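Trainee: Sharing a structure with you now.
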Amino acid sequence: MHNLSAIEIRDKFLNGELSALSICQTFLDRIAQHDKEVGAFLSVFTERAIAKAKELDAKRARGETLGKLAAIPVAIKDNIHVKGEITTCASKFLTNYKAPFDSTLTTLLESEDAIILGKTNLDEFAMGSSTENSGLQTTRNPWNLKCVPGGSSGGSAAAVAAKFCPIAFGSDTGGSVRLPAAFCGIAGFKPTYGRVSRFGLVAYGSSLDQIGTFAATAEDIGLIMEVIGRHCRHDATSLPGGPEKYLEVPHDIRGMKIGVPKEFLKTLAPEPKKVFDNALERLKQMGATLVDIDLNLLKYSIATYYILATAEASTNLARFDGIRYGQRSKRATNLHEVYNFSKEEGYGKEVKRRILLGTYVLSAGYQNAYYKKAQKVRTLIIESYKKAFKECDLIASPVSPFAAFEIGAIKDPIQMYLEDIYTIPINLAGLPAISIPDGFSHDGKPMGLQLIGPQKGDVKVISAATAFQKANPEFTAIPKTFKD
Amino acid sequence: MANIDKETIKNLTELCRIDCTEEEQISLLHDLQKILKYVDQLEEVDTEHVKPCNHILDANIDATREDFVGNIMPRDVFLSNAPSHTGGMIKVPPIMK
């Protein structure tokens, strides 16, 4: 049962073949048996999930209308609120923080009868690309338990890859859904900026954050987007309208022009290049035409991002001061010590690094040189993409310069930041993008193909990804250890 | 471009109100120097006639609404996360002696 897609699970529940309780129990049992090896979950809502499952079975028995996501078990990254449950953001600062309200994501999922199984591990406050910065526990890649699952939404990606749930949610600010999706051999989608509500997502980089969805297939993600991809009045940056139709559109890329930024990709190493070139060949076989596009300016994306994201983060994290919520330092004897000691004890090294950097680039005397300069380069990056989309319908690129690395292998922060070179520019431009599996490294680790659309091109992206996965099913595999 | 030193780090930790040990400050200085050197590459980009990006979406979003009292978080719910509270107020140590 655990290898079924979300759509299949829901349909088998609706037609009476499976009970919600048996579905829920199957996945809870898998988590209980196997998550000690993976470490995907920070908390599991056993009682809550079983209660919801029983309620759904009763609803079905009474012949009541059931939601679009009925009985689908989901996991949620622990920086997104579920009312009454702890939201830790994987930080020692928030280990006692109970969410006083539901995120819009939670509200929409529950109103469509999804079953929330629990919260998943992440890099602390979503700052990282490997989940190694979690202040609470280590998450391992189900494909190779010595390796990272990617980050920052590593727990959610690992949960789906290990078949602990068919759907999981993360947040993507510079690649934090797409990168772990690629490392874990599953699909991971970041919507157009504003397409999915950020209400109840703990903010990191407010002009970059979006809630993203993980599943084995892009088709399952389409089902989810038909529920969550809509305007939200609590989020002032929410796009009007939605949800759009993702499932009943033709999944056909014949005649589509797919842009490839050859010059920008010329530093790609031989192995990822081979996998990527093979994916391009498959796209051609499916009837698309490849077009060379100029995105050379993207080489400045990482520098632009690390100025803007850290600046926004320094503001967003100022609220964690030990006053209204969070762990207040017991050593503090005056107000300033509340701030200083609470943060010193609560924050990990990467969080401190980014807050300090963000404060510096915004400080008097440096704002023009750094922050305003980065804002201008961002404008140019957005224009580069607009120009490219005049020549093509979608853009293709690898997701990462390499496959999953061993835990502890990358210690240099800049080396870690460079991992995001293909994912970061998309957040700067607010574009929709998906990572889907397109092959394996020589030592059996998954790699991902990224398909990128113009702003509001979410349906086009998911549709093309669905077509690719249907035409190339061998890439969507299950790690041996977690198949049974 | 800018040169940062131990003094800069000390000032930054005071601005951010984050206590850092001597050892951490040295490590952070080293890291920030490397990162700032890396981001200096933006100087290569000609942005003389470019406007800073303040809105990434093309969409015109009017996020205003009528001014009415909606759902308010009850005080006891809000205070349930406070480290210390009394009489409906959050309690903090003295601001100054």
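Numbering starts fresh at 1 for the residues of each chain in the structure tokens, the chains themselves are lettered A, B, ... in the order given, and ligands are numbered from 1 as they appear.
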May I ask you to extract the residues of chain B within 8 Å of chain A, using only C-alpha atoms, and to give them as a PyMOL selection string?

Mentor: chain B and resi 12-13+15-20+28+31-32+34-35+38-42+45+47+50-54+56-57+59+61+63+77-79+81-83+90+92-96

Trainee: Now that the selection is made, can you save its residues with N, CA and C atoms as a short mmCIF file (atom, residue, chain, number, x, y, z; two decimals), in the first residue's frame?

Mentor:
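Saved the output as selection_36.cif:
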data_model
loop_
_atom_site.label_atom_id
_atom_site.label_comp_id
_atom_site.auth_asym_id
_atom_site.auth_seq_id
_atom_site.Cartn_x
_atom_site.Cartn_y
_atom_site.Cartn_z
N LEU B 12 28.55 44.26 15.45
CA LEU B 12 27.41 43.54 14.86
C LEU B 12 26.69 42.71 15.92
N THR B 13 27.45 42.02 16.76
CA THR B 13 26.79 41.19 17.78
C THR B 13 26.00 42.06 18.74
N LEU B 15 24.58 44.99 17.84
CA LEU B 15 23.42 45.43 17.07
C LEU B 15 22.34 44.35 17.04
N CYS B 16 22.80 43.10 16.85
CA CYS B 16 21.85 41.98 16.73
C CYS B 16 21.41 41.46 18.08
N ARG B 17 22.09 41.90 19.12
CA ARG B 17 21.80 41.39 20.48
C ARG B 17 22.01 39.88 20.56
N ILE B 18 23.08 39.40 19.95
CA ILE B 18 23.41 37.98 20.09
C ILE B 18 24.76 37.88 20.78
N ASP B 19 24.76 37.22 21.95
CA ASP B 19 26.04 37.03 22.63
C ASP B 19 26.86 35.98 21.90
N CYS B 20 28.11 36.27 21.64
CA CYS B 20 28.98 35.26 21.04
C CYS B 20 30.28 35.17 21.83
N LEU B 28 33.35 33.61 13.22
CA LEU B 28 32.40 34.40 12.43
C LEU B 28 33.14 35.45 11.60
N ASP B 31 34.51 33.68 8.60
CA ASP B 31 33.44 33.32 7.65
C ASP B 31 32.93 34.54 6.91
N LEU B 32 32.67 35.61 7.65
CA LEU B 32 32.10 36.80 7.01
C LEU B 32 33.09 37.43 6.04
N LYS B 34 35.21 35.84 4.22
CA LYS B 34 35.17 35.00 3.01
C LYS B 34 33.91 35.30 2.20
N ILE B 35 32.77 35.39 2.90
CA ILE B 35 31.51 35.61 2.20
C ILE B 35 31.49 36.98 1.54
N TYR B 38 33.41 37.02 -1.51
CA TYR B 38 32.68 36.35 -2.59
C TYR B 38 31.63 37.28 -3.20
N VAL B 39 30.87 37.98 -2.35
CA VAL B 39 29.78 38.80 -2.90
C VAL B 39 30.29 40.09 -3.55
N ASP B 40 31.56 40.42 -3.35
CA ASP B 40 32.15 41.58 -4.01
C ASP B 40 32.06 41.49 -5.53
N GLN B 41 31.88 40.28 -6.06
CA GLN B 41 31.80 40.10 -7.52
C GLN B 41 30.64 40.90 -8.13
N LEU B 42 29.68 41.30 -7.32
CA LEU B 42 28.56 42.08 -7.86
C LEU B 42 29.02 43.42 -8.41
N VAL B 45 28.93 43.97 -12.17
CA VAL B 45 27.68 44.14 -12.91
C VAL B 45 27.34 45.62 -13.05
N THR B 47 25.04 48.41 -13.07
CA THR B 47 23.65 48.65 -12.64
C THR B 47 23.34 50.14 -12.59
N VAL B 50 19.74 50.99 -13.48
CA VAL B 50 18.80 49.94 -13.12
C VAL B 50 18.07 50.28 -11.84
N LYS B 51 16.78 50.05 -11.83
CA LYS B 51 16.00 50.31 -10.60
C LYS B 51 16.12 49.11 -9.66
N PRO B 52 16.18 49.36 -8.34
CA PRO B 52 16.20 48.22 -7.42
C PRO B 52 14.87 47.47 -7.48
N CYS B 53 14.92 46.15 -7.31
CA CYS B 53 13.70 45.35 -7.40
C CYS B 53 12.95 45.42 -6.08
N ASN B 54 11.75 45.99 -6.10
CA ASN B 54 10.93 46.03 -4.87
C ASN B 54 9.71 45.14 -4.97
N ILE B 56 8.63 41.63 -7.08
CA ILE B 56 9.09 40.67 -8.08
C ILE B 56 7.97 40.21 -9.00
N LEU B 57 6.72 40.38 -8.58
CA LEU B 57 5.63 39.90 -9.41
C LEU B 57 5.15 41.01 -10.34
N ALA B 59 2.11 41.04 -11.24
CA ALA B 59 0.70 41.21 -10.86
C ALA B 59 0.51 42.45 -9.98
N ILE B 61 -1.21 43.65 -6.99
CA ILE B 61 -1.96 43.06 -5.88
C ILE B 61 -2.44 44.16 -4.95
N ALA B 63 -3.77 44.48 -1.55
CA ALA B 63 -3.96 43.65 -0.36
C ALA B 63 -4.73 44.36 0.73
N VAL B 77 -4.51 32.51 24.91
CA VAL B 77 -3.82 31.71 23.90
C VAL B 77 -2.44 32.33 23.63
N PHE B 78 -2.43 33.63 23.46
CA PHE B 78 -1.18 34.33 23.21
C PHE B 78 -0.21 34.14 24.37
N LEU B 79 -0.71 34.27 25.58
CA LEU B 79 0.17 34.20 26.75
C LEU B 79 0.65 32.78 27.04
N ASN B 81 2.33 30.88 25.41
CA ASN B 81 3.71 30.68 24.98
C ASN B 81 4.70 31.60 25.68
N ALA B 82 4.19 32.52 26.50
CA ALA B 82 5.09 33.48 27.14
C ALA B 82 5.91 32.78 28.22
N PRO B 83 7.23 33.05 28.28
CA PRO B 83 8.07 32.42 29.29
C PRO B 83 7.62 32.76 30.72
N ILE B 90 3.04 40.20 29.99
CA ILE B 90 4.29 39.44 29.92
C ILE B 90 5.27 40.04 30.93
N VAL B 92 9.05 40.55 32.39
CA VAL B 92 10.45 40.52 31.98
C VAL B 92 11.31 41.01 33.15
N PRO B 93 12.62 40.64 33.12
CA PRO B 93 13.51 41.17 34.16
C PRO B 93 13.62 42.69 34.03
N PRO B 94 14.19 43.37 35.04
CA PRO B 94 14.28 44.83 34.99
C PRO B 94 15.06 45.31 33.77
N ILE B 95 14.61 46.44 33.22
CA ILE B 95 15.31 46.99 32.06
C ILE B 95 16.60 47.65 32.50
N MET B 96 16.53 48.31 33.60
CA MET B 96 17.76 48.87 34.14
C MET B 96 17.70 48.87 35.67
#

Trainee: From a DSSP calculation on the backbone, collect every residue of range 2-191 of chain A in strand (DSSP E) and output the set as JSON, numbers by chain.

Mentor: {"A": [41, 42, 43, 44, 73, 74, 75, 76, 77, 115, 116, 117, 118, 119, 120, 167, 168, 169, 170, 171, 172, 187, 188, 189, 190]}

Trainee: Which residue, A:Ile228, A:Leu418, A:Ile478, A:Ile395, has the smallest gap to Leu451 in chain A when you use only C-alpha atoms?

Mentor: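 With only C-alpha atoms as the atom set, the closest residue is A:Ile395.
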
Trainee: Tell me which protein, DNA and RNA residues are within 9 Å of range 263-268 of chain A, counting only C-alpha atoms, leaving out same-chain ones fewer than 6 positions away, and put them as a PyMOL selection string.

Mentor: chain A and resi 292-299+397-398+401-402+422

Trainee: What would the file look like if the residues just selected were written as a compact mmCIF listing (two decimals), in the first residue's frame with C-alpha atoms?

Mentor:
# COMPACT_ATOMS: atom_id res chain seq x y z
CA ASP A 292 19.90 27.77 -26.56
CA ILE A 293 19.21 30.76 -24.28
CA ASP A 294 21.41 33.35 -22.61
CA LEU A 295 21.23 33.34 -18.82
CA ASN A 296 24.87 34.24 -18.15
CA LEU A 297 23.90 36.83 -15.56
CA LEU A 298 22.76 33.99 -13.30
CA LYS A 299 26.36 33.43 -12.24
CA SER A 397 18.61 22.75 -16.08
CA PRO A 398 20.09 20.30 -13.61
CA PRO A 401 26.04 20.26 -9.55
CA PHE A 402 26.34 16.90 -7.77
CA TYR A 422 20.87 26.22 -10.22

Trainee: Please identify all polymer residues within 12 Å of Asn144 in chain A, counting only C-alpha atoms, omitting same-chain residues fewer than 6 positions from it, and present them as number ranges by chain.

Mentor: A: 37-38, 158, 161-162, 183-185, 403-407, 443-446, 478-482

Trainee: Figure out the distance between CA of Ile253 in chain A and CA of Gly287 in chain A, please, to one decimal in Å.

Mentor: 6.3 Å

Trainee: CA of Leu36 in chain B and CA of Thr21 in chain B are how many Å apart?

Mentor: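 The value is 21.8 Å.
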
Trainee: Contacts of range 7-14 of chain A at 7 Å or less, counting only C-alpha atoms, minus same-chain residues fewer than 2 places along, as a compact mmCIF listing (two decimals) with N, CA and C atoms, in the first residue's frame?

Mentor:
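In the end it all went to result38.txt:
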# COMPACT_ATOMS: atom_id res chain seq x y z
N LEU A 4 1.76 3.01 -3.26
CA LEU A 4 0.74 3.64 -4.08
C LEU A 4 0.93 5.15 -4.10
N SER A 5 0.42 5.79 -5.17
CA SER A 5 0.47 7.25 -5.24
C SER A 5 -0.63 7.82 -4.34
N GLY A 16 -14.10 2.39 -1.32
CA GLY A 16 -14.36 1.41 -0.27
C GLY A 16 -13.34 0.30 -0.17
N GLU A 17 -12.33 0.28 -1.05
CA GLU A 17 -11.35 -0.81 -1.03
C GLU A 17 -10.48 -0.76 0.22
N LEU A 18 -10.16 0.46 0.67
CA LEU A 18 -9.33 0.63 1.86
C LEU A 18 -10.03 1.53 2.86
N SER A 19 -9.82 1.26 4.15
CA SER A 19 -10.34 2.17 5.16
C SER A 19 -9.28 3.23 5.46
N ALA A 20 -9.74 4.40 5.90
CA ALA A 20 -8.80 5.46 6.27
C ALA A 20 -7.93 5.00 7.42
N LEU A 69 -8.70 15.38 -0.91
CA LEU A 69 -7.48 14.71 -0.44
C LEU A 69 -7.82 13.63 0.59
N ALA A 70 -9.05 13.13 0.53
CA ALA A 70 -9.56 12.23 1.58
C ALA A 70 -8.63 11.06 1.84
N ALA A 71 -8.23 10.94 3.13
CA ALA A 71 -7.42 9.82 3.64
C ALA A 71 -5.97 9.83 3.17
N ILE A 72 -5.54 10.89 2.51
CA ILE A 72 -4.12 10.94 2.08
C ILE A 72 -3.26 11.38 3.27
N ASP A 220 0.71 13.79 -8.61
CA ASP A 220 0.22 13.95 -7.23
C ASP A 220 0.34 15.40 -6.78

Trainee: Mind pulling up the distance from CA of Phe214 in chain A to CA of His2 in chain A?

Mentor: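 For CA of His2 in chain A relative to CA of Phe214 in chain A, the distance reads 15.2 Å.
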
Trainee: If DSSP is run on the backbone, what residues of range 130-264 of chain A are alpha helix (DSSP H)? A reply as a list in words would be ideal.

Mentor: Gly154, Gly155, Ser156, Ala157, Ala158, Ala159, Val160, Ala161, Arg178, Leu179, Pro180, Ala181, Ala182, Phe183, Ala218, Glu219, Asp220, Ile221, Gly222, Leu223, Ile224, Met225, Glu226, Val227 and Ile228 of chain A

Trainee: Restricting the output to N, CA and C atoms, write the selected residues as an mmCIF file, in the first residue's frame.

Mentor:
data_model
loop_
_atom_site.group_PDB
_atom_site.id
_atom_site.type_symbol
_atom_site.label_atom_id
_atom_site.label_comp_id
_atom_site.auth_asym_id
_atom_site.auth_seq_id
_atom_site.Cartn_x
_atom_site.Cartn_y
_atom_site.Cartn_z
ATOM 1 N N GLY A 154 14.886 18.632 4.264
ATOM 2 C CA GLY A 154 15.369 17.252 4.144
ATOM 3 C C GLY A 154 14.465 16.215 4.780
ATOM 4 N N GLY A 155 13.845 16.548 5.895
ATOM 5 C CA GLY A 155 12.972 15.592 6.590
ATOM 6 C C GLY A 155 11.788 15.200 5.724
ATOM 7 N N SER A 156 11.141 16.206 5.112
ATOM 8 C CA SER A 156 9.979 15.943 4.256
ATOM 9 C C SER A 156 10.370 15.111 3.031
ATOM 10 N N ALA A 157 11.499 15.443 2.417
ATOM 11 C CA ALA A 157 11.945 14.698 1.231
ATOM 12 C C ALA A 157 12.253 13.250 1.602
ATOM 13 N N ALA A 158 12.951 13.067 2.714
ATOM 14 C CA ALA A 158 13.316 11.715 3.157
ATOM 15 C C ALA A 158 12.055 10.914 3.477
ATOM 16 N N ALA A 159 11.070 11.567 4.089
ATOM 17 C CA ALA A 159 9.828 10.879 4.463
ATOM 18 C C ALA A 159 9.123 10.314 3.232
ATOM 19 N N VAL A 160 9.065 11.082 2.168
ATOM 20 C CA VAL A 160 8.403 10.615 0.942
ATOM 21 C C VAL A 160 9.250 9.531 0.258
ATOM 22 N N ALA A 161 10.567 9.734 0.220
ATOM 23 C CA ALA A 161 11.454 8.752 -0.430
ATOM 24 C C ALA A 161 11.398 7.401 0.281
ATOM 25 N N ARG A 178 13.415 21.815 -3.983
ATOM 26 C CA ARG A 178 13.903 21.174 -5.204
ATOM 27 C C ARG A 178 15.193 20.379 -4.979
ATOM 28 N N LEU A 179 16.095 20.915 -4.159
ATOM 29 C CA LEU A 179 17.352 20.207 -3.940
ATOM 30 C C LEU A 179 17.154 18.892 -3.191
ATOM 31 N N PRO A 180 16.452 18.879 -2.031
ATOM 32 C CA PRO A 180 16.234 17.580 -1.382
ATOM 33 C C PRO A 180 15.418 16.616 -2.241
ATOM 34 N N ALA A 181 14.525 17.141 -3.082
ATOM 35 C CA ALA A 181 13.780 16.253 -3.986
ATOM 36 C C ALA A 181 14.759 15.531 -4.909
ATOM 37 N N ALA A 182 15.713 16.269 -5.465
ATOM 38 C CA ALA A 182 16.701 15.673 -6.374
ATOM 39 C C ALA A 182 17.568 14.662 -5.630
ATOM 40 N N PHE A 183 18.052 15.025 -4.444
ATOM 41 C CA PHE A 183 18.918 14.135 -3.666
ATOM 42 C C PHE A 183 18.180 12.863 -3.246
ATOM 43 N N ALA A 218 4.833 14.123 -10.187
ATOM 44 C CA ALA A 218 4.342 15.484 -10.411
ATOM 45 C C ALA A 218 2.818 15.491 -10.465
ATOM 46 N N GLU A 219 2.242 14.386 -10.892
ATOM 47 C CA GLU A 219 0.783 14.297 -10.997
ATOM 48 C C GLU A 219 0.140 14.457 -9.613
ATOM 49 N N ASP A 220 0.715 13.793 -8.613
ATOM 50 C CA ASP A 220 0.223 13.947 -7.232
ATOM 51 C C ASP A 220 0.344 15.400 -6.781
ATOM 52 N N ILE A 221 1.435 16.058 -7.183
ATOM 53 C CA ILE A 221 1.633 17.460 -6.807
ATOM 54 C C ILE A 221 0.536 18.313 -7.446
ATOM 55 N N GLY A 222 0.137 17.956 -8.666
ATOM 56 C CA GLY A 222 -0.953 18.666 -9.332
ATOM 57 C C GLY A 222 -2.236 18.604 -8.513
ATOM 58 N N LEU A 223 -2.527 17.426 -7.946
ATOM 59 C CA LEU A 223 -3.718 17.285 -7.105
ATOM 60 C C LEU A 223 -3.644 18.245 -5.917
ATOM 61 N N ILE A 224 -2.463 18.281 -5.281
ATOM 62 C CA ILE A 224 -2.281 19.152 -4.124
ATOM 63 C C ILE A 224 -2.455 20.620 -4.515
ATOM 64 N N MET A 225 -1.863 20.995 -5.661
ATOM 65 C CA MET A 225 -1.936 22.407 -6.082
ATOM 66 C C MET A 225 -3.377 22.828 -6.365
ATOM 67 N N GLU A 226 -4.236 21.853 -6.741
ATOM 68 C CA GLU A 226 -5.652 22.186 -6.955
ATOM 69 C C GLU A 226 -6.331 22.543 -5.636
ATOM 70 N N VAL A 227 -5.689 22.242 -4.521
ATOM 71 C CA VAL A 227 -6.241 22.596 -3.210
ATOM 72 C C VAL A 227 -5.532 23.830 -2.630
ATOM 73 N N ILE A 228 -4.198 23.865 -2.707
ATOM 74 C CA ILE A 228 -3.466 24.915 -1.976
ATOM 75 C C ILE A 228 -3.045 26.108 -2.825
#

Trainee: Determine, counting only C-alpha atoms, which protein, DNA and RNA residues have an atom within 9 Å of an atom of range 204-206 of chain A; residues of the same chain fewer than 5 positions away are not included. Present the result as a PyMOL selection string.

Mentor: chain A and resi 125-127+173+198+308-317
